[in-house]
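With mmCIF, C-alpha atoms and all ligand atoms inside, this is upload-v4.cif:
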data_work
loop_
_atom_site.label_atom_id
_atom_site.label_comp_id
_atom_site.auth_asym_id
_atom_site.auth_seq_id
_atom_site.Cartn_x
_atom_site.Cartn_y
_atom_site.Cartn_z
CA MET B 20 127.34 167.37 -99.96
CA LYS B 21 127.52 163.60 -100.43
CA ILE B 22 125.96 163.94 -103.89
CA LEU B 23 128.51 166.56 -104.91
CA THR B 24 131.39 164.48 -103.59
CA ALA B 25 130.14 161.42 -105.52
CA VAL B 26 129.82 163.40 -108.76
CA GLY B 27 133.34 164.74 -108.28
CA THR B 28 134.79 161.29 -107.69
CA ARG B 29 133.09 159.88 -110.79
CA ALA B 30 134.03 162.86 -112.99
CA GLY B 31 137.65 162.74 -111.84
CA LEU B 32 137.31 166.12 -110.14
CA GLN B 33 138.08 167.10 -106.61
CA PHE B 34 135.89 169.74 -105.03
CA ASP B 35 137.57 171.62 -102.17
CA PHE B 36 135.01 172.42 -99.47
CA GLU B 37 135.08 175.16 -96.85
CA GLU B 38 132.28 175.51 -94.32
CA HIS B 39 131.21 178.82 -92.77
CA LEU B 40 128.38 179.86 -90.45
CA ILE B 41 125.48 182.10 -91.41
CA GLY B 42 122.17 183.01 -89.76
CA GLY B 43 121.19 181.70 -86.34
CA ALA B 44 124.24 179.44 -86.03
CA CYS B 45 126.52 182.43 -86.60
CA ILE B 46 124.53 184.59 -84.16
CA ASP B 47 124.91 181.89 -81.50
CA ALA B 48 128.65 181.57 -82.13
CA HIS B 49 129.67 185.17 -82.89
CA GLY B 50 126.72 187.47 -82.09
CA ILE B 51 126.17 188.57 -85.72
CA PRO B 52 124.38 186.87 -88.69
CA ILE B 53 127.44 186.73 -90.93
CA GLU B 54 131.14 187.52 -90.48
CA ASP B 55 133.36 189.45 -92.90
CA ILE B 56 135.62 186.41 -93.18
CA THR B 57 132.64 184.44 -94.52
CA LEU B 58 131.71 187.14 -97.04
CA LYS B 59 135.31 187.17 -98.25
CA ALA B 60 135.49 183.37 -98.51
CA CYS B 61 132.25 183.33 -100.53
CA GLN B 62 133.51 186.05 -102.87
CA GLU B 63 136.67 184.02 -103.45
CA ALA B 64 134.91 180.66 -103.96
CA ASP B 65 133.83 179.23 -107.32
CA ALA B 66 130.36 178.50 -105.97
CA VAL B 67 128.44 178.82 -102.69
CA PHE B 68 125.95 176.23 -101.44
CA LEU B 69 123.65 177.68 -98.81
CA GLY B 70 121.52 176.05 -96.12
CA ALA B 71 118.41 178.04 -95.16
CA VAL B 72 118.63 180.56 -92.33
CA GLY B 73 116.17 181.58 -89.63
CA GLY B 74 113.92 180.16 -86.95
CA PRO B 75 111.79 181.15 -83.96
CA LYS B 76 114.80 181.19 -81.63
CA TRP B 77 116.04 184.40 -83.31
CA ASP B 78 112.70 186.02 -84.26
CA MET B 79 112.78 188.52 -81.39
CA LEU B 80 116.14 190.02 -82.38
CA PRO B 81 116.25 193.55 -83.86
CA GLY B 82 116.22 193.71 -87.70
CA HIS B 83 119.95 194.26 -88.25
CA LEU B 84 120.82 191.22 -86.12
CA ARG B 85 118.31 188.79 -87.60
CA PRO B 86 119.46 185.67 -89.49
CA GLU B 87 117.85 186.88 -92.75
CA LYS B 88 120.14 189.93 -92.68
CA GLY B 89 123.08 187.56 -93.15
CA LEU B 90 121.56 186.18 -96.33
CA LEU B 91 120.76 189.61 -97.79
CA GLY B 92 124.33 190.71 -96.96
CA LEU B 93 125.74 187.64 -98.67
CA ARG B 94 123.66 188.13 -101.84
CA LYS B 95 124.71 191.78 -101.98
CA ALA B 96 128.40 191.04 -101.39
CA MET B 97 128.34 188.42 -104.14
CA GLY B 98 126.62 190.80 -106.59
CA CYS B 99 123.95 188.23 -107.42
CA TYR B 100 121.68 190.08 -109.85
CA ALA B 101 120.13 187.06 -111.58
CA ASN B 102 117.86 184.66 -109.72
CA LEU B 103 117.12 181.39 -111.52
CA ARG B 104 114.18 179.38 -110.28
CA PRO B 105 113.32 176.24 -112.24
CA ALA B 106 109.91 174.69 -111.73
CA LYS B 107 109.67 171.15 -112.99
CA VAL B 108 106.85 168.70 -112.48
CA PHE B 109 108.22 165.19 -112.23
CA PRO B 110 105.78 162.70 -113.82
CA ALA B 111 105.45 160.81 -110.55
CA LEU B 112 104.29 163.98 -108.78
CA GLU B 113 101.67 165.19 -111.27
CA SER B 114 98.91 164.62 -108.74
CA ALA B 115 100.72 166.62 -106.01
CA SER B 116 99.85 169.96 -107.67
CA THR B 117 96.74 171.96 -106.89
CA LEU B 118 96.07 172.07 -110.67
CA ARG B 119 94.75 169.11 -112.63
CA PRO B 120 97.41 166.55 -113.66
CA GLU B 121 96.77 167.16 -117.39
CA VAL B 122 97.50 170.90 -116.89
CA VAL B 123 100.80 170.44 -115.04
CA ARG B 124 101.98 167.48 -117.14
CA GLY B 125 105.32 168.23 -118.79
CA ILE B 126 105.99 171.50 -116.94
CA ASP B 127 109.71 172.23 -117.02
CA LEU B 128 110.20 175.97 -116.91
CA LEU B 129 112.79 178.40 -115.62
CA VAL B 130 112.11 181.88 -114.27
CA VAL B 131 115.08 184.25 -114.57
CA ARG B 132 114.36 187.16 -112.24
CA GLU B 133 116.35 190.39 -112.07
CA LEU B 134 117.27 190.64 -108.39
CA THR B 135 119.04 193.91 -107.60
CA GLY B 136 117.15 196.63 -109.53
CA GLY B 137 113.63 197.74 -110.38
CA ILE B 138 110.97 199.07 -108.05
CA TYR B 139 112.40 197.44 -104.92
CA PHE B 140 115.51 199.61 -105.10
CA GLY B 141 114.64 202.68 -107.28
CA GLU B 142 114.83 206.17 -105.70
CA PRO B 143 112.93 208.19 -104.62
CA LYS B 144 111.27 205.80 -102.21
CA THR B 145 109.36 207.65 -99.50
CA VAL B 146 106.22 207.42 -97.43
CA ASP B 147 104.38 209.88 -95.22
CA ALA B 148 100.80 210.06 -93.95
CA ASP B 149 99.39 211.11 -97.34
CA CYS B 150 101.67 209.69 -99.97
CA GLY B 151 103.81 206.61 -100.65
CA ILE B 152 106.27 206.68 -103.55
CA ASP B 153 108.24 203.87 -105.17
CA THR B 154 110.27 204.30 -108.33
CA MET B 155 110.43 201.68 -111.05
CA LEU B 156 113.81 202.27 -112.61
CA TYR B 157 115.91 200.14 -114.94
CA THR B 158 119.05 201.13 -116.79
CA ALA B 159 120.04 199.58 -120.10
CA PRO B 160 123.16 197.83 -118.63
CA GLU B 161 121.01 196.26 -115.88
CA VAL B 162 118.56 194.88 -118.44
CA ARG B 163 121.30 193.79 -120.80
CA ARG B 164 123.14 191.67 -118.24
CA ILE B 165 120.01 189.84 -117.04
CA ALA B 166 118.91 189.30 -120.65
CA ILE B 167 122.28 187.69 -121.41
CA VAL B 168 121.86 185.29 -118.46
CA ALA B 169 118.39 184.37 -119.77
CA PHE B 170 119.49 183.84 -123.38
CA GLU B 171 122.42 181.71 -122.19
CA ALA B 172 120.10 179.64 -119.98
CA ALA B 173 117.63 179.21 -122.87
CA GLY B 174 120.53 177.98 -125.01
CA LEU B 175 121.01 175.11 -122.54
CA ARG B 176 117.31 174.23 -122.70
CA LYS B 177 114.58 174.31 -125.39
CA LYS B 178 115.83 177.62 -126.84
CA LYS B 179 112.56 179.43 -126.19
CA LEU B 180 112.62 182.68 -124.20
CA ILE B 181 109.61 184.73 -123.11
CA SER B 182 110.38 188.21 -121.80
CA VAL B 183 107.70 189.51 -119.45
CA ASP B 184 107.06 193.23 -118.95
CA LYS B 185 104.30 195.84 -118.86
CA ALA B 186 105.43 197.81 -121.88
CA ASN B 187 101.91 199.01 -122.70
CA VAL B 188 101.97 201.18 -119.54
CA LEU B 189 105.46 201.44 -118.01
CA ALA B 190 108.37 203.45 -119.44
CA SER B 191 110.90 201.17 -117.68
CA SER B 192 109.28 198.21 -119.47
CA GLN B 193 109.60 199.97 -122.84
CA LEU B 194 113.35 200.25 -122.23
CA TRP B 195 113.38 196.63 -121.01
CA ARG B 196 111.75 195.41 -124.24
CA LYS B 197 114.08 197.41 -126.48
CA VAL B 198 117.23 196.16 -124.71
CA VAL B 199 116.02 192.54 -124.75
CA ASP B 200 115.38 192.89 -128.51
CA ASP B 201 118.92 194.27 -128.95
CA VAL B 202 120.46 191.33 -127.04
CA ALA B 203 118.32 188.88 -129.05
CA ARG B 204 120.30 189.77 -132.18
CA GLU B 205 123.34 188.15 -130.53
CA TYR B 206 121.38 184.90 -130.02
CA PRO B 207 119.80 184.10 -133.42
CA ASP B 208 119.12 180.47 -132.45
CA ILE B 209 116.89 181.42 -129.48
CA SER B 210 113.23 182.20 -130.19
CA LEU B 211 112.10 185.32 -128.30
CA GLU B 212 108.55 186.38 -127.48
CA HIS B 213 107.38 189.33 -125.36
CA MET B 214 104.42 188.86 -123.02
CA LEU B 215 102.65 191.37 -120.79
CA VAL B 216 102.83 190.41 -117.13
CA ASP B 217 99.07 190.17 -116.62
CA ASN B 218 98.81 187.75 -119.54
CA ALA B 219 101.85 185.79 -118.24
CA ALA B 220 100.21 185.36 -114.82
CA MET B 221 97.12 184.00 -116.56
CA GLN B 222 99.03 181.76 -119.00
CA LEU B 223 101.00 180.18 -116.13
CA LEU B 224 97.75 178.75 -114.81
CA ARG B 225 96.04 178.17 -118.16
CA ASN B 226 98.81 176.40 -120.04
CA PRO B 227 102.06 176.35 -118.03
CA ALA B 228 103.67 173.73 -120.28
CA GLN B 229 104.06 176.38 -123.05
CA PHE B 230 106.91 178.05 -121.09
CA ASP B 231 110.60 177.23 -121.31
CA VAL B 232 112.53 180.27 -119.98
CA ILE B 233 110.87 183.42 -118.63
CA VAL B 234 112.98 186.55 -118.05
CA THR B 235 111.53 189.44 -116.12
CA GLY B 236 112.21 192.28 -113.69
CA ASN B 237 112.46 192.15 -109.94
CA MET B 238 108.86 192.61 -108.84
CA PHE B 239 107.20 190.71 -111.70
CA GLY B 240 109.74 187.91 -111.16
CA ASP B 241 109.08 187.80 -107.43
CA ILE B 242 105.39 187.21 -108.06
CA LEU B 243 105.59 184.96 -111.13
CA SER B 244 108.32 182.70 -109.67
CA ASP B 245 106.18 182.00 -106.60
CA GLU B 246 103.18 181.34 -108.84
CA ALA B 247 105.26 179.00 -111.02
CA SER B 248 106.80 177.19 -108.06
CA MET B 249 103.42 176.27 -106.61
CA LEU B 250 102.56 174.40 -109.82
CA THR B 251 104.97 171.70 -108.73
CA GLY B 252 103.35 170.70 -105.45
CA SER B 253 105.90 171.18 -102.65
CA LEU B 254 108.42 173.77 -101.51
CA GLY B 255 110.71 170.86 -100.74
CA MET B 256 111.17 170.22 -104.49
CA LEU B 257 112.40 173.66 -105.61
CA PRO B 258 116.05 174.52 -106.20
CA SER B 259 117.43 177.97 -107.05
CA ALA B 260 120.55 179.67 -108.33
CA SER B 261 121.58 183.31 -107.96
CA LEU B 262 124.20 184.42 -110.44
CA GLY B 263 126.17 187.62 -110.68
CA GLY B 264 129.63 188.85 -111.45
CA GLY B 265 131.56 186.06 -109.74
CA ALA B 266 130.58 182.89 -107.89
CA GLY B 267 127.04 181.52 -108.09
CA LEU B 268 124.94 181.09 -104.95
CA TYR B 269 122.85 177.91 -104.85
CA GLU B 270 120.10 177.18 -102.34
CA PRO B 271 116.74 175.48 -102.00
CA VAL B 272 113.84 177.95 -102.25
CA HIS B 273 112.41 176.88 -98.90
CA GLY B 274 113.32 178.22 -95.46
CA SER B 275 114.63 176.34 -92.43
CA ALA B 276 111.34 174.49 -91.86
CA PRO B 277 111.55 174.91 -88.05
CA ASP B 278 108.36 172.88 -87.50
CA ILE B 279 110.13 169.70 -88.67
CA ALA B 280 113.77 170.59 -87.88
CA GLY B 281 115.94 167.83 -86.45
CA GLN B 282 113.42 165.06 -87.19
CA ASP B 283 114.97 163.65 -90.39
CA LYS B 284 111.70 164.46 -92.20
CA ALA B 285 112.57 167.34 -94.54
CA ASN B 286 112.63 166.76 -98.28
CA PRO B 287 116.26 167.06 -99.46
CA LEU B 288 115.40 167.13 -103.18
CA ALA B 289 115.38 170.96 -103.43
CA ALA B 290 118.89 171.04 -101.98
CA ILE B 291 120.05 168.20 -104.23
CA GLY B 292 118.47 169.94 -107.24
CA SER B 293 120.44 173.07 -106.30
CA ILE B 294 123.64 171.03 -106.62
CA ALA B 295 122.58 170.13 -110.17
CA LEU B 296 122.17 173.84 -110.92
CA MET B 297 125.64 174.50 -109.46
CA LEU B 298 127.22 171.88 -111.71
CA ARG B 299 125.41 173.32 -114.74
CA HIS B 300 125.91 177.06 -114.20
CA SER B 301 129.17 177.35 -112.24
CA PHE B 302 131.15 174.36 -113.47
CA GLY B 303 129.77 173.68 -116.95
CA LEU B 304 129.14 170.03 -116.00
CA GLU B 305 125.84 169.63 -117.87
CA GLU B 306 126.03 165.83 -118.12
CA GLU B 307 126.50 165.48 -114.37
CA ALA B 308 123.68 167.98 -113.71
CA VAL B 309 121.31 165.97 -115.91
CA ALA B 310 122.44 162.76 -114.16
CA ILE B 311 121.40 164.19 -110.78
CA GLU B 312 118.02 165.34 -112.13
CA SER B 313 117.46 161.92 -113.71
CA ALA B 314 118.36 160.21 -110.43
CA ILE B 315 115.79 162.35 -108.58
CA ALA B 316 113.14 161.43 -111.19
CA ARG B 317 113.99 157.70 -110.87
CA VAL B 318 113.69 157.68 -107.09
CA LEU B 319 110.30 159.39 -107.38
CA ASP B 320 109.20 156.96 -110.11
CA ASP B 321 110.09 154.14 -107.72
CA GLY B 322 107.55 155.55 -105.26
CA PHE B 323 109.85 156.87 -102.52
CA ARG B 324 108.55 160.03 -100.86
CA THR B 325 109.30 162.28 -97.92
CA LEU B 326 106.27 163.32 -95.89
CA ASP B 327 105.57 166.57 -97.80
CA ILE B 328 104.91 164.73 -101.10
CA LEU B 329 103.46 161.46 -99.74
CA SER B 330 100.30 160.03 -101.35
CA ASP B 331 98.47 156.73 -100.91
CA GLY B 332 100.57 153.76 -101.99
CA ASP B 333 103.94 155.58 -101.76
CA THR B 334 106.83 154.49 -99.56
CA LEU B 335 107.65 157.02 -96.82
CA VAL B 336 111.38 157.66 -96.39
CA SER B 337 113.45 159.96 -94.18
CA THR B 338 115.66 162.84 -95.33
CA THR B 339 118.77 160.68 -94.97
CA SER B 340 117.24 157.74 -96.78
CA MET B 341 115.99 159.92 -99.68
CA GLY B 342 119.51 161.33 -100.11
CA ASP B 343 121.02 157.83 -100.02
CA ARG B 344 118.54 156.59 -102.64
CA VAL B 345 119.35 159.44 -105.02
CA LEU B 346 123.04 158.75 -104.45
CA SER B 347 122.67 155.07 -105.16
CA VAL B 348 120.75 155.68 -108.44
CA LEU B 349 123.29 158.33 -109.41
CA ASN B 350 126.16 155.92 -108.88
CA GLY B 351 124.46 153.67 -111.43
CA ILE B 352 124.15 156.49 -113.99
CA ILE B 353 127.50 158.29 -113.87
N1 LIG R 401 116.50 181.30 -98.04
C1 LIG R 401 116.29 181.20 -96.75
O1 LIG R 401 117.20 180.97 -95.97
C2 LIG R 401 114.88 181.32 -96.22
C3 LIG R 401 113.78 181.32 -97.08
C4 LIG R 401 112.50 181.37 -96.53
C5 LIG R 401 112.34 181.43 -95.15
N2 LIG R 401 113.44 181.47 -94.36
C6 LIG R 401 113.33 181.45 -92.88
O2 LIG R 401 112.93 180.14 -92.48
C7 LIG R 401 112.14 180.22 -91.28
C8 LIG R 401 110.83 179.48 -91.50
O3 LIG R 401 110.08 180.18 -92.51
P1 LIG R 401 108.71 179.65 -93.13
O4 LIG R 401 108.10 178.69 -92.16
O5 LIG R 401 107.96 180.82 -93.58
O6 LIG R 401 109.15 178.88 -94.45
P2 LIG R 401 109.74 177.40 -94.64
O7 LIG R 401 110.05 177.28 -96.09
O8 LIG R 401 110.85 177.15 -93.70
O9 LIG R 401 108.55 176.43 -94.25
C9 LIG R 401 107.22 176.56 -94.79
C10 LIG R 401 106.51 175.19 -94.69
O10 LIG R 401 107.08 174.32 -95.69
C11 LIG R 401 107.64 173.19 -95.05
N3 LIG R 401 108.91 172.87 -95.71
C12 LIG R 401 109.89 173.76 -96.06
N4 LIG R 401 110.93 173.11 -96.60
C13 LIG R 401 110.61 171.81 -96.57
C14 LIG R 401 111.29 170.64 -96.99
N5 LIG R 401 112.52 170.69 -97.53
N6 LIG R 401 110.68 169.46 -96.81
C15 LIG R 401 109.45 169.38 -96.28
N7 LIG R 401 108.75 170.45 -95.87
C16 LIG R 401 109.33 171.65 -96.03
C17 LIG R 401 107.87 173.54 -93.60
O11 LIG R 401 107.85 172.40 -92.77
C18 LIG R 401 106.72 174.51 -93.34
O12 LIG R 401 105.57 173.80 -92.99
C19 LIG R 401 111.95 181.71 -91.00
O13 LIG R 401 112.87 182.08 -90.01
C20 LIG R 401 112.26 182.38 -92.33
O14 LIG R 401 112.76 183.69 -92.18
C21 LIG R 401 114.70 181.38 -94.85
#
Please re-express this file's structure in C-alpha cells.
Amino acid sequence: MKILTAVGTRAGLQFDFEEHLIGGACIDAHGIPIEDITLKACQEADAVFLGAVGGPKWDMLPGHLRPEKGLLGLRKAMGCYANLRPAKVFPALESASTLRPEVVRGIDLLVVRELTGGIYFGEPKTVDADCGIDTMLYTAPEVRRIAIVAFEAAGLRKKKLISVDKANVLASSQLWRKVVDDVAREYPDISLEHMLVDNAAMQLLRNPAQFDVIVTGNMFGDILSDEASMLTGSLGMLPSASLGGGAGLYEPVHGSAPDIAGQDKANPLAAIGSIALMLRHSFGLEEEAVAIESAIARVLDDGFRTLDILSDGDTLVSTTSMGDRVLSVLNGII
C-alpha cells in the first residue's frame, strides 16, 4: 500500500482506498469467508489488491465456510477469466533457482491461463465406483476473449506469443488453435507460434528464456504456470493478475505463509510486484509499473534479501525493511 501511495503522489494521482475483510479475518468478524457488501465493493472498484487467505486456525471448518471459499467467490463474482502469472528471474537471484544459472538467465515470461472454462468446469462431470468422467469443453467466445488478453499483453512486451494446446489429440484444442489463429489476424505485429503442451513442458526446462508470453487453457495453464514459477527460486517473488470483464484482481501467488506469520520475515516482493501489474493492466501506467520492477531489481542487486532468498554474503532484511528499501529506490526513480 505504501508503494502504491508513493506512485500516486509522484504521478499526480490520488488512489482512493477501501479495505474489506476476506478469509479467516472475515470468519472471525462475521462468521462467513466473504460478505456480499465486499463482493459488491470489489465489483465496483477499478482494481482489487488481495492479501492471501487461510491458515490452520480455520482448517477444521466445513468446506463452504473455509477461507478459500471467499477467494473463489470473489474471483467468480468479478468474472476473472484470465490469470496472468509472470515469472522473471532477476539477475541477482540466478543462483536461487533449482536449474543452472545459465539456463534461467534472462527468463522473463508471462503465462496467460484461461481460468473459468475447460476441463475443470465442463459437464458432464461424474464419478461412480467404475467410471470417472470430466469434459474438456471450450467455446469459441471463451477462447477468443483469453486470446485477446494474451495478444494485448504480448503487445506490451516482446511481441512474441506461444499458444499451447494438444491439438494433435483433443477436439477442444483444435477449436482453440483455430480461434487463436483468427484473433492473430487482428494483431499483425505479434508473432504467434503454436506448441503442443508436452513439448512446452519440456521446453520450459530446456530453454525457458525462449518464451515471452504463453497462452493456454485452464488445466494446461495450471500445470505450466507452476512449472514456470519454480524457475525463479521462491514463491515470495511471484505476483499475479486475474482479469475479466471489469476490475482486475491482483495478488501474490503465495498463500498466507502461516509458519512465518507475524514475524516480519515474509518476502513482500510478490505483493509489490502485483502492484506493478495493477498499474500496468488496470490503470495503463506502464512507466510507473516498470519503475517498481526496476526498484525491486536494484534492491536485489544491492544484496538485500528476506530469509526465503538469502544466500551467503547477502544482507538479511525484514519484510518492513525490504518494503522501505524498494520505496526509497522508487522515490529516486519516479
Ligand atoms: N491466494 C491465496 O490466498 C492462497 C494461495 C495458496 C495458499 N493459500 C492458503 O495459505 C495457507 C498456507 O498454505 P501453504 O503453506 O500451502 O502455502 P504458502 O504459500 O502460504 O506457504 C508455502 C511455503 O512458502 C513460504 N512462503 C510463502 N509466501 C512467502 C513469502 N512471501 N515469503 C517467504 N516465504 C513464503 C511459507 O513460509 C511456506 O513455507 C493455507 O491455508 C492455504 O489454503 C492461500
TODO: Report the distance between atom CA of B:Val348 and atom CA of B:Ala314 in Å, rounded to one decimal place.
DONE: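 Between these atoms lies a distance of 5.5 Å.
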Task: Surrounding residues as a ChimeraX atom specification, ligand LIG 401 (chain R), max 8 Å, only C-alpha atoms and all ligand atoms - done: /B:69-75,77-78,86-87,90,253-256,270-280,284-290,325-327
Task: Selection: 6 Å around B:Leu156, all atoms listed in the file, excl. self and same-chain fewer than 5 positions, as a list of chain:residue names - done: B:Gly137, B:Gly141, B:Ser191
TODO: Select, from B:Tyr139, B:Phe109, B:Phe230, B:Tyr269, the residue with the minimum atom-to-atom distance to B:Ala173, counting all atoms listed in the file.
DONE: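 Comparing B:Tyr139, B:Phe109, B:Phe230, B:Tyr269 against B:Ala173, the winner is B:Phe230.
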TODO: Return the single residue from B:Arg85, B:Arg164, B:Arg29, B:Lys144 that is closest to B:Tyr100, with distances computed using all atoms listed in the file.
DONE: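 Going through B:Arg85, B:Arg164, B:Arg29, B:Lys144 one by one, the smallest distance to B:Tyr100 is for B:Arg164.
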For stretch 334-349 of chain B, which lacks atoms in the input, supply N, CA and C atoms and format the output as a PDB file, in the coordinates of the input.
ATOM      1  N   THR B 334     106.010 154.946-100.677  1.00  0.00           N
ATOM      2  CA  THR B 334     106.830 154.490 -99.560  1.00  0.00           C
ATOM      3  C   THR B 334     107.448 155.712 -98.869  1.00  0.00           C
ATOM      4  N   LEU B 335     107.133 155.877 -97.573  1.00  0.00           N
ATOM      5  CA  LEU B 335     107.650 157.020 -96.820  1.00  0.00           C
ATOM      6  C   LEU B 335     109.121 156.783 -96.458  1.00  0.00           C
ATOM      7  N   VAL B 336     109.962 157.771 -96.768  1.00  0.00           N
ATOM      8  CA  VAL B 336     111.380 157.660 -96.390  1.00  0.00           C
ATOM      9  C   VAL B 336     111.808 158.934 -95.664  1.00  0.00           C
ATOM     10  N   SER B 337     112.920 158.821 -94.920  1.00  0.00           N
ATOM     11  CA  SER B 337     113.450 159.960 -94.180  1.00  0.00           C
ATOM     12  C   SER B 337     114.310 160.834 -95.105  1.00  0.00           C
ATOM     13  N   THR B 338     114.747 161.970 -94.585  1.00  0.00           N
ATOM     14  CA  THR B 338     115.660 162.840 -95.330  1.00  0.00           C
ATOM     15  C   THR B 338     116.922 162.065 -95.733  1.00  0.00           C
ATOM     16  N   THR B 339     117.516 161.404 -94.735  1.00  0.00           N
ATOM     17  CA  THR B 339     118.770 160.680 -94.970  1.00  0.00           C
ATOM     18  C   THR B 339     118.577 159.594 -96.016  1.00  0.00           C
ATOM     19  N   SER B 340     117.479 158.849 -95.868  1.00  0.00           N
ATOM     20  CA  SER B 340     117.240 157.740 -96.780  1.00  0.00           C
ATOM     21  C   SER B 340     116.985 158.253 -98.202  1.00  0.00           C
ATOM     22  N   MET B 341     116.241 159.361 -98.345  1.00  0.00           N
ATOM     23  CA  MET B 341     115.990 159.920 -99.680  1.00  0.00           C
ATOM     24  C   MET B 341     117.318 160.303-100.331  1.00  0.00           C
ATOM     25  N   GLY B 342     118.198 160.948 -99.567  1.00  0.00           N
ATOM     26  CA  GLY B 342     119.510 161.330-100.110  1.00  0.00           C
ATOM     27  C   GLY B 342     120.303 160.106-100.536  1.00  0.00           C
ATOM     28  N   ASP B 343     120.270 159.052 -99.692  1.00  0.00           N
ATOM     29  CA  ASP B 343     121.020 157.830-100.020  1.00  0.00           C
ATOM     30  C   ASP B 343     120.464 157.161-101.282  1.00  0.00           C
ATOM     31  N   ARG B 344     119.133 157.226-101.447  1.00  0.00           N
ATOM     32  CA  ARG B 344     118.540 156.590-102.640  1.00  0.00           C
ATOM     33  C   ARG B 344     118.928 157.333-103.907  1.00  0.00           C
ATOM     34  N   VAL B 345     118.924 158.671-103.836  1.00  0.00           N
ATOM     35  CA  VAL B 345     119.350 159.440-105.020  1.00  0.00           C
ATOM     36  C   VAL B 345     120.811 159.117-105.323  1.00  0.00           C
ATOM     37  N   LEU B 346     121.615 159.036-104.275  1.00  0.00           N
ATOM     38  CA  LEU B 346     123.040 158.750-104.450  1.00  0.00           C
ATOM     39  C   LEU B 346     123.247 157.380-105.100  1.00  0.00           C
ATOM     40  N   SER B 347     122.468 156.419-104.631  1.00  0.00           N
ATOM     41  CA  SER B 347     122.670 155.070-105.160  1.00  0.00           C
ATOM     42  C   SER B 347     122.249 154.989-106.634  1.00  0.00           C
ATOM     43  N   VAL B 348     121.143 155.659-107.024  1.00  0.00           N
ATOM     44  CA  VAL B 348     120.750 155.680-108.440  1.00  0.00           C
ATOM     45  C   VAL B 348     121.817 156.418-109.252  1.00  0.00           C
ATOM     46  N   LEU B 349     122.289 157.514-108.706  1.00  0.00           N
ATOM     47  CA  LEU B 349     123.290 158.330-109.410  1.00  0.00           C
ATOM     48  C   LEU B 349     124.553 157.525-109.678  1.00  0.00           C
TER      49      LEU B 349
END
